[in-house]
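Q: My questions will all concern the structure given below.
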Amino acid sequence: AHWQEKRKVSRQNRSAGPQACCRLQELTVDLHYEKFIIVPKRYIANNCEGPCRFPLSTRIPDYSSHTVLLMGMQERGAPLRRSPCCVPVKYSDKEIIRITTEGIQVTMFPNMVAEECGCR
Amino acid sequence: AHWQEKRKVSRQNRSAGPQACCRLQELTVDLHYEKFIIVPKRYIANNCEGPCRFPLSTRIPDYSSHTVLLMGMQERGAPLRRSPCCVPVKYSDKEIIRITTEGIQVTMFPNMVAEECGCR
Amino acid sequence: LSWNRSCVFYEHPHNLQGSMRHRGHVLGGTESSTILCNSSQCCFGIWNQSHGRLQAVMQGCWGSDRDGCDSPACKTSPIHTMGAILQRCLCHSDLCNANVSWLG
Amino acid sequence: LSWNRSCVFYEHPHNLQGSMRHRGHVLGGTESSTILCNSSQCCFGIWNQSHGRLQAVMQGCWGSDRDGCDSPACKTSPIHTMGAILQRCLCHSDLCNANVSWLG
């Protein structure tokens, strides 16, 4: 809330369509290719999607001063080699059953499901 | 280290040039536009830049199972609306001197400098 | 019984690390048990397929309804891994994981 | 003296929250002090410019060498904010923040 965030008043931004800002979206990941995972075959991993736009404070619950300053630079025409990006900032774990050299194992895999998104 | 990471053997990947993977790069941010900041006028904020490529385990110190699975999907031709992104995963704070309605204030601003990068 | 899903509960005594016991309340004896699920309405089963025969490896409650637990019956799909064929299913009716309804 | 940068140390008694004292070791009396920097080789100074006169607001050690502390002398730049003109500089020579060398 310290930072000056230019308000881009744009009809596009206000629509809830494909232009909706950085947020969590459902995404199913197929685990067939990970041959050591027995159960489940797929799961809902989610993804963070959408542009990072001003004003962040009213749209995105998680962002840093660093992000705001980068976006300010960009808005003033300074080119950034890497623009701020909508990414998971919090994950949850998932219990899976897998096969190992010792047999069957029930395991908690960390950071499997995206739970919250932010602009970084 | 659980996950199967396809090794893309590509001469491009091995060069240290513009194709170098997700890593920390120096970036100076101009604070002139934040009119409440007295000192400093600019500072080194850094940015995370570069593609997120397999194998992550040998290239990027910070990544999640979620990221690896998303990249696997992408590699198998499933389109992702948001690809994994090289972002700061750790910040440091910066002491600044600013002006407020009460006068001059020495403040520690959190999350001002990117210190470590990861693929999310 | 109650609103909780009931599944067959079994865990092979050898070559198994960890347990799925915490996903419900286990009732019943030493040979074959029933578990009342606490996390979902979904059962799972894993069998070892060898020489045309199926041997139960693990049966119990799964932790989520959202991992592809669409079928009421246990329709398995095989996984060829580490020299074995494992048949596994998720299903969502009471005791649906007792047997394989359809071998994949 | 030693390898530590020395800067003038002053903090206006009114309308100031927080302190930069921790950026070095303060020597000297009540009116005007010197501080031996512990974090950098950089001094800073802030003056209030009013009716052609400069009044010191804060002087001390800055916490970093990398925030544009390139000049050995105190060349200020103005900031017009909240109805005041503040002149500030970073500089990297001993006691360079005693006065404004060049008013911006």
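Ordering of the structure tokens sets the chain letters (A, B, ...), residue numbers begin anew at 1 in every chain, and ligands are numbered from 1 in the order given.
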Check the DSSP output for the backbone and give back, as a VMD selection string, the residues of chain B in strand (DSSP E or B).

A: chain B and resid 23 to 25 28 to 30 37 to 39 42 to 44 47 to 49 63 86 to 100 103 to 119

Q: Show me, as an MDAnalysis selection string, the residues that have an atom within 12 Å of Pro72 of chain C when counting only C-alpha atoms, minus same-chain residues fewer than 6 positions from it.

A: chainID C and resid 5 41:44 65 89:97 100:102

Q: Considering only C-alpha atoms, can you say which of D:Leu54, D:Ala98, D:Cys69, D:Ile79 comes closest to Phe9 of chain D?

A: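 Ranked by minimum distance to Phe9 of chain D, first place goes to D:Ala98.
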
Q: Return as a ChimeraX atom specification the residues belonging to chain A that are within 6 Å of chain B, counting only C-alpha atoms.

A: /A:49,64-66,82,87,111-112,120

Q: Within 6 Å of chain B, which residues belong to chain D? Use only C-alpha atoms and report them as a list in words.

A: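 Listing them in order of chain and number gives Asn15, Leu16, Gln17, Gly18 and Asp67 of chain D.
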
Q: Take the residues that were just selected and, keeping N, CA and C atoms, output them as a PDB file, in the first residue's frame.

A:
ATOM      1  N   ASN D  15      10.167  15.763  14.406  1.00  0.00           N
ATOM      2  CA  ASN D  15       9.581  15.193  13.184  1.00  0.00           C
ATOM      3  C   ASN D  15      10.452  14.125  12.545  1.00  0.00           C
ATOM      4  N   LEU D  16      11.107  13.360  13.382  1.00  0.00           N
ATOM      5  CA  LEU D  16      11.948  12.274  12.863  1.00  0.00           C
ATOM      6  C   LEU D  16      11.609  10.988  13.598  1.00  0.00           C
ATOM      7  N   GLN D  17      11.262   9.974  12.812  1.00  0.00           N
ATOM      8  CA  GLN D  17      11.001   8.656  13.402  1.00  0.00           C
ATOM      9  C   GLN D  17      12.095   7.696  12.979  1.00  0.00           C
ATOM     10  N   GLY D  18      12.609   6.956  13.934  1.00  0.00           N
ATOM     11  CA  GLY D  18      13.681   6.024  13.618  1.00  0.00           C
ATOM     12  C   GLY D  18      15.009   6.747  13.598  1.00  0.00           C
ATOM     13  N   ASP D  67      24.048   1.951  -3.781  1.00  0.00           N
ATOM     14  CA  ASP D  67      22.800   2.668  -4.080  1.00  0.00           C
ATOM     15  C   ASP D  67      23.060   3.985  -4.777  1.00  0.00           C
TER      16      ASP D  67
END

Q: Can you pull out every residue within 12 Å of Val8 of chain C, counting only C-alpha atoms, but drop anything in the same chain fewer than 6 positions away, and send it as JSON, numbers by chain?

A: {"C": [20, 21, 24, 25, 26, 27, 28, 29, 31, 32, 33, 34, 35, 36, 37, 42, 43, 44, 45, 46, 56, 57, 58, 59, 60, 61, 62, 91, 93, 94, 95, 96, 97, 98, 99]}

Q: Quick one: distance from atom CA of Trp3 of chain C to atom CA of Gln87 of chain C in Å, one decimal?

A: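 Answer for the atom CA of Trp3 of chain C to atom CA of Gln87 of chain C separation: 28.2 Å.
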
Q: As a PyMOL selection string, please: the residues near Leu86 of chain D (cut-off 7 Å, only C-alpha atoms, same-chain neighbours under 5 positions excluded).

A: chain D and resi 46-49+78-80

Q: Could you please take those selected residues and save N, CA and C atoms as a compact mmCIF listing (two decimals), in the first residue's frame?

A:
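Output contents, as saved in again.txt:
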# COMPACT_ATOMS: atom_id res chain seq x y z
N ILE D 46 20.74 14.89 4.34
CA ILE D 46 19.44 15.45 3.94
C ILE D 46 19.30 16.83 4.56
N TRP D 47 18.99 17.82 3.70
CA TRP D 47 18.78 19.19 4.16
C TRP D 47 17.42 19.67 3.72
N ASN D 48 16.85 20.54 4.53
CA ASN D 48 15.59 21.20 4.17
C ASN D 48 15.96 22.56 3.57
N GLN D 49 15.51 22.80 2.36
CA GLN D 49 15.81 24.06 1.69
C GLN D 49 14.60 24.98 1.76
N PRO D 78 17.27 17.72 -5.64
CA PRO D 78 16.12 18.12 -4.83
C PRO D 78 14.97 17.14 -4.97
N ILE D 79 14.17 17.09 -3.94
CA ILE D 79 12.91 16.36 -4.04
C ILE D 79 11.82 17.30 -3.49
N HIS D 80 10.85 17.55 -4.33
CA HIS D 80 9.74 18.45 -3.96
C HIS D 80 8.62 17.56 -3.46

Q: Which residues come within 8 Å of Lys90 of chain A, counting only C-alpha atoms, excluding same-chain residues fewer than 6 positions away, as a list of chain:residue names?

A: A:Ala114, A:Glu115, A:Glu116, A:Cys117
